[in-house]
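Below is one structure, written out as structure tokens; comments come after it.
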Amino acid sequence: GAVLPAGWLMRAFLDANVLFPTVQRELLLEVAHLYEPLWSEKVLDEWYFSVLAKLGEEAAAIAHAELLVLRTRFPFASVQENRSMLGTGDRLALLKSITLPDASDRHVIVSAIRGGADVIVTSNRKDFPQRTMAVLGLRSISPDEFVALLMVDSLPEVLAGAWHVVRRAEAAGGAISPSALFKRARLSRLGKAMARQSDKEMPPAEPGRGHARN
């Protein structure tokens, strides 16, 4: 992938399918001070209605409350339709000439381009072919690969955020090993990294939060 200048946070557009699984979502948001998260209102709607369809009204009510917190915590993350970065027009024009594996995913790419994203974090990489993404100046990456990328330069911060997720999971449902939790969440590389650490070695520091770019 492209090397970003020092101090320049990577912009990552999060697809709905990485926000729906609780552990994935919590981990990605715990370490959101290490990159700039982006999404769209349509993506957030997809997340909410997926919860409603698969888990029912009670879970959807919880998701609705989480969405309110999300919008407050990350006020600049939602890409608006009138948002435009340098070169957006040319890339959007190019996108019109490209046939995608799933036309319903076009809105994800449009919002990623409008938000100036460097990568699209998605569990459905087959719907975002790398050759097509490269033409558009983007890259699709799985949550596991994305977190591993963050660990290259910020391993202690990622592990600290991961321990917060583990402790919340334990409080909600009982003891579980970090490796098992993250393997189940399809974040196996993070699970392996945590298996090499002990809880005592990790200080209970709260990861910082910030928004480097608007």
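Quick note on naming: the chains in the structure tokens go A, B, ... in the order shown, residues restart at 1 in each chain, and ligands are numbered from 1 in order of appearance.
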Among chain A, which ones does DSSP assign to strand (DSSP E or B) (computed from the backbone)? Answer as number ranges by chain. A: 11-14, 36-39, 78, 119-121, 140-141
Long-range neighbours of Arg189 in chain A as a list in words, 8 Å cut-off, only C-alpha atoms, 6 positions minimum in chain: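 Contacts, with the query itself left out: Asp144, Glu145 and Ala148 of chain A.
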Which one of A:Leu44, A:Leu136, A:Ile176, A:Leu149 sits closest to Arg71 in chain A if you count only C-alpha atoms?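 Closest candidate: A:Leu44.
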Might you pull out every residue within 10 Å of Ser78 in chain A, with only C-alpha atoms counted and same-chain residues fewer than 6 positions away left off, and present them as an NGL selection string? :A and (13 or 37-44 or 70-71 or 111 or 115)
Which distance in Å separates CA of Pro101 in chain A and CA of Asp15 in chain A, to one decimal? 15.9 Å
Nearest to Thr88 in chain A by atom-to-atom distance, counting only C-alpha atoms, from A:Leu34, A:Ala112, A:Leu181, A:Ile62: A:Ala112
If you run DSSP over the backbone, which residues in range 57-209 of chain A end up alpha helix (DSSP H)? Put them as a ChimeraX atom specification. /A:57-73,88-96,106-114,130-135,143-173,178-184,188-195
Grab the CA of Ala12 in chain A to CA of Ser179 in chain A distance for me, in Å with one decimal place.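 Here the two named atoms are 24.8 Å from each other.
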Kindly indicate which residue among A:Leu94, A:Thr132, A:His33, A:Tyr48 lies nearest to Leu68 in chain A, using only C-alpha atoms for the distances.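 Selected residue with least distance to Leu68 in chain A: A:Tyr48.
Nearest to Gly161 in chain A of all the residues A:Leu29, A:Leu95, A:Ala185, A:Leu100 is A:Leu29, based on only C-alpha atoms.
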Kindly give the distance, in Å, that separates CA of Arg167 in chain A and CA of Ala32 in chain A, rounded to a single decimal.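 So the answer is 18.3 Å.
Across A:Leu190, A:Ala180, A:Val51, A:Val147, the tightest approach to Phe20 in chain A is made by A:Val51 when counting only C-alpha atoms.
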